Every structure is written in structure tokens, then in C-alpha cells.
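For reference, final-v7.txt is printed below; it contains compact mmCIF, C-alpha atoms.
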```
# COMPACT_ATOMS: atom_id res chain seq x y z
CA MET A 1 50.63 59.15 108.45
CA THR A 2 50.69 62.82 107.46
CA SER A 3 50.64 65.61 110.04
CA LEU A 4 47.43 67.60 110.04
CA HIS A 5 49.55 70.74 109.69
CA ALA A 6 50.92 69.52 106.37
CA PHE A 7 47.58 68.12 105.26
CA TYR A 8 45.70 71.34 106.05
CA HIS A 9 48.20 73.66 104.38
CA ALA A 10 48.32 71.46 101.29
CA LYS A 11 44.58 71.98 100.93
CA VAL A 12 45.01 75.71 101.45
CA ALA A 13 47.67 75.78 98.72
CA ALA A 14 45.30 73.89 96.42
CA ASP A 15 42.53 76.46 97.12
CA GLU A 16 40.37 73.76 98.66
CA LEU A 17 40.38 75.65 101.98
CA ARG A 18 41.00 79.20 103.00
CA PRO A 19 43.30 79.76 105.98
CA ASP A 20 41.61 80.56 109.27
CA SER A 21 43.59 81.60 112.35
CA ALA A 22 41.18 79.85 114.74
CA GLN A 23 41.62 76.61 112.83
CA THR A 24 45.39 76.80 112.52
CA ALA A 25 45.69 77.57 116.24
CA VAL A 26 44.24 74.18 117.24
CA ILE A 27 46.10 72.09 114.63
CA PRO A 28 49.10 71.47 116.97
CA GLU A 29 46.71 69.73 119.39
CA PHE A 30 45.65 67.31 116.66
CA ASP A 31 49.29 66.71 115.67
CA ARG A 32 50.16 66.03 119.31
CA ILE A 33 47.47 63.35 119.36
CA GLY A 34 48.60 61.93 116.03
CA GLU A 35 52.18 61.56 117.25
CA GLY A 36 50.98 59.90 120.44
CA LEU A 37 48.89 57.39 118.52
CA GLN A 38 52.00 56.21 116.69
CA ALA A 39 53.77 55.33 119.94
CA ALA A 40 54.47 51.66 120.65
CA PRO A 41 52.15 49.80 123.06
CA VAL A 42 53.22 49.74 126.69
CA LYS A 43 53.63 46.47 128.58
CA ARG A 44 51.91 46.69 131.96
CA GLY A 45 53.47 43.94 134.03
CA LEU A 46 55.59 40.85 133.33
CA PHE A 47 52.79 38.57 132.23
CA ARG A 48 50.43 41.10 130.76
CA LYS A 49 50.00 41.77 127.08
CA ALA A 50 51.34 45.08 125.82
CA ARG A 51 48.56 47.48 124.95
CA PRO A 52 48.35 51.08 123.79
CA GLN A 53 47.99 53.91 126.23
CA ALA A 54 45.30 56.48 125.60
CA VAL A 55 46.70 59.77 124.39
CA LYS A 56 45.14 62.82 126.02
CA GLY A 57 42.32 63.63 123.64
CA LEU A 58 40.65 66.84 122.53
CA TYR A 59 37.26 68.37 123.31
CA LEU A 60 36.82 71.04 120.64
CA TRP A 61 33.87 73.32 121.22
CA GLY A 62 32.50 76.55 119.82
CA GLY A 63 29.82 78.06 117.61
CA VAL A 64 28.35 76.23 114.66
CA GLY A 65 29.92 76.56 111.23
CA ARG A 66 33.45 77.35 112.47
CA GLY A 67 35.12 74.28 110.94
CA LYS A 68 35.34 71.99 113.97
CA SER A 69 33.96 68.94 112.17
CA MET A 70 35.99 69.68 109.08
CA LEU A 71 39.24 69.72 111.07
CA MET A 72 38.33 66.53 112.87
CA ASP A 73 37.53 64.81 109.57
CA LEU A 74 40.85 65.92 108.07
CA PHE A 75 42.64 64.62 111.15
CA VAL A 76 41.02 61.18 110.88
CA GLU A 77 41.95 61.11 107.21
CA SER A 78 45.53 62.13 107.97
CA ILE A 79 46.32 59.37 110.49
CA GLY A 80 46.40 56.67 107.86
CA ASP A 81 46.01 53.06 108.98
CA ILE A 82 45.69 53.72 112.72
CA PRO A 83 42.36 52.06 113.61
CA SER A 84 39.84 54.83 114.02
CA ARG A 85 36.18 55.61 113.70
CA ARG A 86 34.43 58.89 113.03
CA VAL A 87 30.78 58.87 114.11
CA HIS A 88 28.06 61.23 115.24
CA PHE A 89 27.87 61.05 119.03
CA HIS A 90 24.13 60.45 119.16
CA ALA A 91 24.37 57.58 116.65
CA PHE A 92 27.20 56.03 118.66
CA MET A 93 25.18 56.10 121.88
CA GLN A 94 22.24 54.50 120.10
CA GLU A 95 24.56 51.66 119.08
CA ILE A 96 25.79 51.26 122.65
CA HIS A 97 22.24 50.99 123.99
CA ALA A 98 21.31 48.43 121.32
CA LYS A 99 24.36 46.27 122.12
CA MET A 100 23.68 46.52 125.84
CA HIS A 101 20.15 45.29 125.19
CA VAL A 102 21.57 42.23 123.43
CA ALA A 103 23.96 41.63 126.35
CA ARG A 104 21.11 41.80 128.85
CA GLN A 105 19.15 39.22 126.87
CA LYS A 106 22.12 36.90 127.42
CA ASN A 107 21.82 37.53 131.18
CA THR A 108 25.17 39.33 131.28
CA ALA A 109 25.68 40.69 134.80
CA ASP A 110 27.25 43.95 133.61
CA ALA A 111 25.87 44.67 130.13
CA LEU A 112 28.17 47.63 129.56
CA ALA A 113 31.46 45.79 130.16
CA PRO A 114 31.48 43.55 127.04
CA VAL A 115 30.18 46.40 124.87
CA ALA A 116 32.99 48.74 125.96
CA ARG A 117 35.51 45.94 125.49
CA ASP A 118 34.33 45.31 121.91
CA VAL A 119 34.62 49.01 121.06
CA ALA A 120 38.09 49.25 122.58
CA GLN A 121 39.31 46.22 120.64
CA SER A 122 38.21 47.73 117.33
CA VAL A 123 39.74 51.23 117.48
CA ARG A 124 42.61 53.33 118.81
CA LEU A 125 40.81 56.59 118.10
CA LEU A 126 37.16 57.54 118.42
CA ALA A 127 36.19 60.82 116.74
CA PHE A 128 32.77 62.04 117.79
CA ASP A 129 30.88 64.79 116.02
CA GLU A 130 28.57 67.01 118.05
CA MET A 131 28.74 65.65 121.57
CA GLN A 132 25.65 66.68 123.44
CA ILE A 133 23.75 64.79 126.09
CA THR A 134 20.06 65.37 126.60
CA ASP A 135 18.89 61.83 127.33
CA ILE A 136 19.00 60.53 130.90
CA THR A 137 19.81 57.00 129.71
CA ASP A 138 22.93 58.36 127.95
CA ALA A 139 23.83 60.46 130.98
CA MET A 140 23.70 57.47 133.32
CA ILE A 141 26.12 55.26 131.37
CA VAL A 142 28.45 57.62 129.51
CA GLY A 143 30.83 58.09 132.44
CA ARG A 144 31.44 54.38 132.94
CA LEU A 145 31.68 53.84 129.20
CA PHE A 146 34.34 56.49 128.66
CA GLU A 147 36.26 55.43 131.74
CA ALA A 148 36.45 51.89 130.33
CA LEU A 149 37.52 53.17 126.91
CA PHE A 150 40.26 55.38 128.34
CA GLU A 151 41.50 52.54 130.54
CA ALA A 152 41.69 50.29 127.47
CA GLY A 153 43.85 52.82 125.61
CA VAL A 154 41.25 54.45 123.36
CA THR A 155 41.84 58.11 122.54
CA VAL A 156 38.82 60.36 122.08
CA VAL A 157 38.44 63.51 120.00
CA THR A 158 35.09 65.25 119.93
CA THR A 159 33.40 68.39 118.71
CA SER A 160 30.58 70.12 120.53
CA ASN A 161 28.64 73.35 120.54
CA ARG A 162 28.75 73.35 124.36
CA VAL A 163 31.46 73.84 126.93
CA PRO A 164 31.78 70.64 129.04
CA ASP A 165 30.21 72.28 132.08
CA ASP A 166 27.01 72.82 130.07
CA LEU A 167 26.58 69.18 129.03
CA TYR A 168 23.30 67.72 130.29
CA LYS A 169 22.54 71.12 131.78
CA ASP A 170 19.43 71.09 134.00
CA GLY A 171 19.05 67.36 133.32
CA LEU A 172 17.35 64.96 135.72
CA ASN A 173 19.72 63.71 138.46
CA ARG A 174 22.50 65.82 136.97
CA GLN A 175 24.63 65.41 140.09
CA LEU A 176 25.23 61.80 139.02
CA PHE A 177 26.57 63.06 135.70
CA LEU A 178 29.09 65.56 137.07
CA PRO A 179 31.95 63.02 137.43
CA PHE A 180 31.82 62.56 133.65
CA ILE A 181 32.52 66.27 133.16
CA ASP A 182 35.54 65.93 135.46
CA LEU A 183 36.67 62.90 133.44
CA ILE A 184 36.51 64.93 130.21
CA LYS A 185 38.63 67.67 131.73
CA ASP A 186 41.16 65.12 132.97
CA LYS A 187 41.46 62.97 129.85
CA MET A 188 40.88 65.57 127.12
CA GLU A 189 42.25 68.98 126.31
CA VAL A 190 39.30 71.39 126.30
CA TRP A 191 39.70 73.95 123.52
CA GLU A 192 37.29 76.70 122.53
CA MET A 193 37.44 77.51 118.83
CA VAL A 194 36.55 81.17 118.37
CA SER A 195 36.25 82.40 114.82
CA PRO A 196 34.31 85.36 113.40
CA THR A 197 33.52 83.33 110.27
CA ASP A 198 30.50 81.04 109.98
CA TYR A 199 31.43 78.91 106.98
CA ARG A 200 28.10 77.15 106.67
CA GLN A 201 26.27 80.46 106.62
CA ASP A 202 28.76 81.84 104.10
CA ARG A 203 28.16 78.89 101.80
CA LEU A 204 24.43 79.54 101.71
CA THR A 205 24.41 83.34 101.78
CA GLY A 206 22.70 84.47 98.62
CA SER A 207 22.02 80.88 97.55
CA GLN A 208 18.62 79.57 96.57
CA VAL A 209 17.18 77.30 99.26
CA TYR A 210 13.62 76.71 98.01
CA PHE A 211 13.37 74.94 94.66
CA SER A 212 10.18 74.80 92.64
CA PRO A 213 9.11 73.12 90.45
CA ASN A 214 10.55 69.88 91.72
CA ASN A 215 12.39 68.77 88.59
CA ALA A 216 15.76 67.43 87.50
CA ASP A 217 17.37 70.86 87.79
CA ALA A 218 16.14 71.23 91.38
CA ARG A 219 17.46 67.80 92.29
CA ALA A 220 20.86 68.60 90.76
CA GLN A 221 21.15 71.90 92.65
CA ILE A 222 20.17 70.29 95.94
CA GLN A 223 22.78 67.58 95.37
CA VAL A 224 25.46 70.28 94.98
CA ILE A 225 24.35 71.91 98.27
CA TRP A 226 24.34 68.54 100.05
CA ASP A 227 27.83 67.66 98.81
CA ASP A 228 29.14 71.05 99.94
CA LEU A 229 27.53 71.10 103.39
CA ALA A 230 27.74 67.43 104.36
CA GLY A 231 31.29 67.06 103.09
CA GLY A 232 31.51 63.29 102.99
CA ALA A 233 29.75 59.96 103.32
CA ALA A 234 26.58 60.26 105.39
CA GLU A 235 24.96 57.76 107.71
CA PRO A 236 21.37 57.36 108.88
CA LEU A 237 20.63 58.93 112.25
CA GLN A 238 18.11 57.35 114.59
CA LEU A 239 16.53 59.42 117.34
CA GLU A 240 14.74 57.68 120.19
CA VAL A 241 11.58 59.51 121.17
CA LYS A 242 9.49 57.99 123.96
CA GLY A 243 10.69 54.50 123.15
CA ARG A 244 10.23 54.83 119.36
CA LEU A 245 12.90 55.37 116.73
CA VAL A 246 12.69 58.26 114.29
CA GLU A 247 15.14 57.91 111.42
CA LEU A 248 16.76 60.56 109.27
CA PRO A 249 17.99 58.66 106.18
CA ALA A 250 21.19 60.71 105.76
CA PHE A 251 23.05 62.82 108.31
CA ARG A 252 26.52 64.35 108.59
CA ASN A 253 28.07 67.44 110.18
CA GLY A 254 24.72 68.59 111.54
CA VAL A 255 23.10 68.42 108.09
CA ALA A 256 20.21 65.98 107.51
CA ARG A 257 18.60 64.93 104.25
CA ALA A 258 15.18 63.32 103.90
CA ARG A 259 12.20 63.12 101.59
CA PHE A 260 8.79 64.49 102.44
CA PHE A 261 7.29 61.05 103.01
CA ASP A 262 10.19 60.03 105.27
CA LEU A 263 9.05 62.64 107.78
CA CYS A 264 5.45 63.46 106.93
CA GLY A 265 4.18 60.21 105.47
CA LYS A 266 4.71 58.33 108.72
CA MET A 267 2.85 58.52 112.02
CA LEU A 268 5.09 61.16 113.57
CA GLY A 269 4.01 63.86 115.98
CA PRO A 270 5.17 67.11 117.59
CA GLY A 271 7.62 65.35 119.92
CA ASP A 272 9.32 63.65 116.99
CA TYR A 273 9.69 66.89 115.07
CA LEU A 274 10.99 68.71 118.14
CA ALA A 275 13.65 65.99 118.54
CA ILE A 276 14.67 66.45 114.89
CA ALA A 277 14.82 70.23 115.27
CA GLU A 278 16.99 69.87 118.35
CA GLU A 279 19.48 67.56 116.64
CA VAL A 280 19.73 69.13 113.18
CA LYS A 281 21.26 72.44 112.11
CA VAL A 282 20.25 72.15 108.45
CA LEU A 283 17.44 70.02 106.99
CA ILE A 284 17.28 69.26 103.28
CA LEU A 285 13.71 68.14 102.61
CA GLU A 286 12.93 66.91 99.11
CA ASP A 287 9.83 66.14 97.08
CA ILE A 288 7.19 68.17 98.94
CA PRO A 289 4.00 67.46 96.94
CA SER A 290 0.94 69.58 96.36
CA LEU A 291 -1.15 69.41 99.52
CA GLY A 292 -4.90 69.17 99.99
CA ARG A 293 -7.79 66.79 100.66
CA SER A 294 -6.00 63.76 99.25
CA ASN A 295 -3.10 64.00 101.70
CA PHE A 296 -4.63 65.96 104.55
CA ASN A 297 -2.85 64.01 107.32
CA GLU A 298 0.54 64.41 105.64
CA ALA A 299 -0.16 68.13 105.24
CA LYS A 300 -0.94 68.47 108.96
CA ARG A 301 2.32 66.77 109.83
CA PHE A 302 4.17 69.07 107.45
CA VAL A 303 2.72 72.11 109.20
CA THR A 304 3.86 70.72 112.56
CA LEU A 305 7.33 69.98 111.19
CA ILE A 306 7.73 73.51 109.81
CA ASP A 307 6.60 74.97 113.14
CA ALA A 308 9.26 72.95 114.98
CA LEU A 309 12.00 73.92 112.51
CA TYR A 310 10.94 77.55 112.61
CA GLU A 311 10.97 77.83 116.39
CA ALA A 312 14.40 76.15 116.57
CA ARG A 313 15.68 78.32 113.69
CA VAL A 314 16.81 75.31 111.71
CA ARG A 315 17.96 76.15 108.19
CA LEU A 316 15.58 74.55 105.66
CA ILE A 317 16.50 73.68 102.07
CA CYS A 318 13.74 72.03 100.09
CA SER A 319 12.23 71.10 96.76
CA ALA A 320 8.49 71.39 96.30
CA ALA A 321 5.75 71.02 93.71
CA ALA A 322 4.86 74.71 93.99
CA GLU A 323 5.82 77.98 95.65
CA PRO A 324 4.74 78.21 99.32
CA GLU A 325 1.54 80.20 98.63
CA PHE A 326 0.37 77.58 96.10
CA LEU A 327 1.32 74.38 97.90
CA TYR A 328 -2.06 74.07 99.67
CA VAL A 329 -4.85 75.52 97.56
CA GLU A 330 -7.94 73.40 98.28
CA GLY A 331 -9.61 71.60 101.12
CA GLU A 332 -9.84 71.98 104.87
CA GLY A 333 -6.82 73.74 106.31
CA VAL A 334 -6.17 76.23 103.50
CA PHE A 335 -6.59 79.22 105.81
CA GLU A 336 -4.34 77.73 108.52
CA PHE A 337 -1.66 76.96 105.94
CA GLU A 338 -1.20 80.67 105.22
CA ARG A 339 0.98 80.92 108.34
CA THR A 340 3.07 77.97 107.18
CA ALA A 341 3.51 79.57 103.74
CA SER A 342 4.59 82.80 105.42
CA ARG A 343 7.13 80.91 107.54
CA LEU A 344 8.47 79.09 104.49
CA ARG A 345 9.04 82.48 102.85
CA GLU A 346 10.75 83.87 105.95
CA MET A 347 12.99 80.82 106.21
CA GLN A 348 14.35 81.56 102.73
CA ASP A 349 15.99 84.77 103.94
CA LYS A 350 19.78 84.74 103.66
CA ASP A 351 20.17 85.55 107.38
CA TRP A 352 17.78 82.86 108.57
CA GLY A 353 18.85 80.00 110.79
CA GLN A 354 21.46 78.94 113.31
CA ILE A 355 23.99 77.39 110.93
```

Encoding of this model in C-alpha cells:
Amino acid sequence: MTSLHAFYHAKVAADELRPDSAQTAVIPEFDRIGEGLQAAPVKRGLFRKARPQAVKGLYLWGGVGRGKSMLMDLFVESIGDIPSRRVHFHAFMQEIHAKMHVARQKNTADALAPVARDVAQSVRLLAFDEMQITDITDAMIVGRLFEALFEAGVTVVTTSNRVPDDLYKDGLNRQLFLPFIDLIKDKMEVWEMVSPTDYRQDRLTGSQVYFSPNNADARAQIQVIWDDLAGGAAEPLQLEVKGRLVELPAFRNGVARARFFDLCGKMLGPGDYLAIAEEVKVLILEDIPSLGRSNFNEAKRFVTLIDALYEARVRLICSAAAEPEFLYVEGEGVFEFERTASRLREMQDKDWGQI
């Protein structure tokens, strides 16, 4: 295992990172956790098997683009062979619900207990990216789940854009969720990362974000942007919307990547696009075709998607068959598409978005 302090400064020396005082200030917290994870298991009673104790974790919150996820990823990389998992929080909760469903089908009295036990047996450290809770089903089980994980010796590190007290804010039956906030404050160090620099925004400032025509050069440039923003291996992200699953094929660090027909060629509606816009900070959308009579339904969905992204100020990077004003040139809906074309132009501005 290498300390995050050494790992971070080695990357600074190699010009892979530039030093940031807000980032270096929190590094000792990660190193504290790393040292604790190396400690020998504790035997709890004469006839009980020794097991690890959970190290007090870290809840790292602050504005987007400040390097929270990057630090967490470096930390997971630095701890070597200590069993760990880095996962987007929403994807993790989807897994938990799916496994609980399987447990219920087996008539398990407490469906959460075996699921939490399986997670605890597989890792010492769980690293969650972007903890946020908007779903009542998540809110109702997350407290018991984390309590079981902490009791089993699992250490949790998470990033979030929200202070703990704002999790599930204004949610249904929120009073039942409040003990989870107290649990976070007890079991995790809450640290606000304040930095004047938005690294995601800096990466895209002055960069082209709308590529047309959609050719090999456009695909190559988008791949460079994806590699820079996503910063590692991506995983699909499934969002549950009114009992249905909406999948983004690739997602990491708040950045999603999909093709036009992944999102507009399927029977998706406004609620689906609003869920995507709520979850994603940057959307890379590839292969937008020419639009018209032949793909009228797909074009309508595209308009709805752009409206959702625009209202949520999601940063859009895309490749398309034509410039916005020439994407939809014939058929019903041409006049209405003028607003969409205008929004696509506005969303290309260097200061656009929340990233």
C-alpha cells in the first residue's frame, strides 16, 4: 500500500495533476483511513472469529468539478490488495434492491440481512461516488443497510454534492430517514471541499462540444473528451423510473455516454429524461441523425431530451449529422424544432452547464 499523500504528489511531480490546496487538505483523512484498514482484525469474544473493525470513514462533499471523485479513485488505487469496491451510489442501491427481490422470492424473512452480509464479506472498503437519495425505497432501507455494514467492519468513503443534512431533503416521510443522517455523522468524518477551481469546466472551456459532420474525426475527438472527463473504466447506470429501468450504457464521475438511439430510439418519455438530467452532469450523445418524417417519433423524443437537459443545465457534448439549424429541415415539426436548434447553440457556450 502507498499513502495517498505520496501517490498524489508523485502525480503532481509527473505533471499528471496540478496541486490544489483544497485537495491536499483532505489527503490526511484518506491516509488515516488507509492506515486503519491495514490494522489486524479484532477478536470479539473467546469463541468468536476475529473480524475487522470499521475505520471511521469519510463523507466528502462540495461543488461539482472540485476533484472529489478523482481523490477517491486515487485512494482506492493506492490501498493495494485491501478488498475494496468503487461504485456509483445509485448503481449500488439498484443492485441492493435487485438482490433483495431475489431474497424475497426465496421467502427470506428479512431480505436485507443476507444481502448486507454478502456485501460485507466481499469488501473492507466501499467507495461511493455521488451519494444522493431521492427515491423513497432507497431512503427506507439505507439506514439499516449501512448500520449492518458498519457493524460487520466495512469502512465507507463517499463523495456528494450535498451536505448530509440535505440528503433526501423534502422527501416523503423524511422523519424516518433522519437517523441515517445521524449515522453518517457518527461513523464518517464529514468534510466540505471548498476550491475556487472547477476542473471539469476548465477542461472544456474553449473546447468544441458539438461535432458535425459525424465522421471519424468527430468520433476520435469525442473519445479524447470522454477519456479526460470520465477518467477510468465506466459502468452502465440503470435508473428506475415508475417501475421501469432506463439505462445509460456508460457512466463515471457524473459523465454519461450514449448513442442517439439508446435514448431517443426507445419508448422513453419526459419522466425518463428528467431522471437522466437529474443524475448526469455531462452527457455525451453520439450519432444524432438527420431528423424528419422518417424518424418523427425519435425527433420528438430528442426535443424532449434537450428540453430536460437544458432546464437542468446539463453539459451536452454531441456528434450530429448536421449543424443544429439543419438537423430538422423537412416534415411536421420543423417550426417547433427552431427552439431546440437555438438551445443546442446556447448549450455550446463555454460558460454553459453545471459541471

Residues near Ser212 (chain A), cut-off 8 Å, all atoms listed in the file, skip fewer than 2 positions along chain, as a PyMOL selection string
chain A and resi 210+214-215+218+319-323

CA of Glu235 (chain A) to CA of Ser3 (chain A), straight-line distance in Å
27.0 Å

Please compute the CA of Pro270 (chain A)-CA of Thr304 (chain A) distance, one decimal, in Å.
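Distance between the two atoms: 6.3 Å.
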
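Distances here use all atoms listed in the file; by that measure, the residue among A:Leu344, A:Met140, A:Leu37, A:Ala116 closest to Val55 (chain A) is A:Leu37.
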
Find the spatial neighbours of region 84-92 of chain A, counting all atoms listed in the file, within a cut-off of 9 Å - ignore same-chain residues fewer than 6 positions away - and output them as a VMD selection string.
chain A and resid 72 to 73 76 122 to 133 158 235 to 239 251 to 254 279

Residues from last step as file, C-alpha atoms, as a CSV table (one decimal), in the frame of the given file:
```csv
chain,number,residue,atom,x,y,z
A,72,MET,CA,38.3,66.5,112.9
A,73,ASP,CA,37.5,64.8,109.6
A,76,VAL,CA,41.0,61.2,110.9
A,122,SER,CA,38.2,47.7,117.3
A,123,VAL,CA,39.7,51.2,117.5
A,124,ARG,CA,42.6,53.3,118.8
A,125,LEU,CA,40.8,56.6,118.1
A,126,LEU,CA,37.2,57.5,118.4
A,127,ALA,CA,36.2,60.8,116.7
A,128,PHE,CA,32.8,62.0,117.8
A,129,ASP,CA,30.9,64.8,116.0
A,130,GLU,CA,28.6,67.0,118.0
A,131,MET,CA,28.7,65.6,121.6
A,132,GLN,CA,25.6,66.7,123.4
A,133,ILE,CA,23.8,64.8,126.1
A,158,THR,CA,35.1,65.2,119.9
A,235,GLU,CA,25.0,57.8,107.7
A,236,PRO,CA,21.4,57.4,108.9
A,237,LEU,CA,20.6,58.9,112.2
A,238,GLN,CA,18.1,57.4,114.6
A,239,LEU,CA,16.5,59.4,117.3
A,251,PHE,CA,23.0,62.8,108.3
A,252,ARG,CA,26.5,64.4,108.6
A,253,ASN,CA,28.1,67.4,110.2
A,254,GLY,CA,24.7,68.6,111.5
A,279,GLU,CA,19.5,67.6,116.6
```

Neighbouring residues of Leu172 (chain A) were defined as those with any atom within 12 Å, considering all atoms listed in the file; residues of the same chain fewer than 5 positions away were excluded. Please report them as JSON, numbers by chain.
{"A": [133, 134, 135, 136, 137, 138, 139, 140, 177, 178]}

Can you tell me, as a PyMOL selection string, what residues are no more than 10 Å from Arg117 (chain A) when counting all atoms listed in the file, ignoring any on the same chain fewer than 3 positions away?
chain A and resi 112-114+120-122+145+148-149+152

Selection to disk with C-alpha atoms, as a PDB file, keeping the file's coordinate frame:
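Okay, this is what ended up in again.pdb:
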```pdb
ATOM      1  CA  LEU A 112      28.170  47.630 129.560  1.00  0.00           C
ATOM      2  CA  ALA A 113      31.460  45.790 130.160  1.00  0.00           C
ATOM      3  CA  PRO A 114      31.480  43.550 127.040  1.00  0.00           C
ATOM      4  CA  ALA A 120      38.090  49.250 122.580  1.00  0.00           C
ATOM      5  CA  GLN A 121      39.310  46.220 120.640  1.00  0.00           C
ATOM      6  CA  SER A 122      38.210  47.730 117.330  1.00  0.00           C
ATOM      7  CA  LEU A 145      31.680  53.840 129.200  1.00  0.00           C
ATOM      8  CA  ALA A 148      36.450  51.890 130.330  1.00  0.00           C
ATOM      9  CA  LEU A 149      37.520  53.170 126.910  1.00  0.00           C
ATOM     10  CA  ALA A 152      41.690  50.290 127.470  1.00  0.00           C
TER      11      ALA A 152
END
```

Taking all atoms listed in the file into account, which of A:Leu58, A:Leu327, A:Ala98, A:Val314 comes nearest Ile288 (chain A)?
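Answer, going by the shortest atom-to-atom distance: A:Leu327.
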
Please tell me which residues are no farther than 12 Å from (23.5, 66.8, 101.3) in the file, counting all atoms listed in the file, and write them as a count of residues only.
36

What's around Pro19 (chain A) at 12 Å? Count all atoms listed in the file, leave out sequence neighbours fewer than 4 positions away in its own chain, and write the answer as a PyMOL selection string.
chain A and resi 5+8-15+23-25+27+67+71+195+197+199

Expressed in Å to a single decimal, how great is the separation between CA of Arg162 (chain A) and CA of Gly62 (chain A)?
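Taking CA of Arg162 (chain A) as the start and CA of Gly62 (chain A) as the end point, the length is 6.7 Å.
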
Pick the closest to Gln38 (chain A) from A:Leu74, A:Pro83, A:Arg18, A:Leu305: which is it, counting all atoms listed in the file?
A:Pro83

Rank nothing, just name the residue among A:Asp81, A:Val142, A:Ala6, A:Val157 nearest to Gly57 (chain A), using only C-alpha atoms.
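For Gly57 (chain A), the nearest of the given residues is A:Val157.
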
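Considering the residues A:Met267, A:Ala109, A:Leu183, A:Val119 and counting only C-alpha atoms, Arg144 (chain A) has its shortest atom-to-atom contact with A:Leu183.
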
Edge lengths and centre in Å, axis-aligned, region 339-353 of chain A plus 6 Å each side, as lines of an AutoDock Vina configuration file:
```
center_x = 10.6
center_y = 81.8
center_z = 106.8
size_x = 31.2
size_y = 19.6
size_z = 20.1
```

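Distance cut-off 12 Å, centre (12.5, 54.6, 115.9), atoms counted only C-alpha atoms; the residues meeting this are Gln94, Pro236, Leu237, Gln238, Leu239, Glu240, Val241, Lys242, Gly243, Arg244, Leu245, Val246, Glu247, Leu248, Pro249, Leu263, Lys266, Met267, Leu268, Asp272 and Ala275 of chain A.
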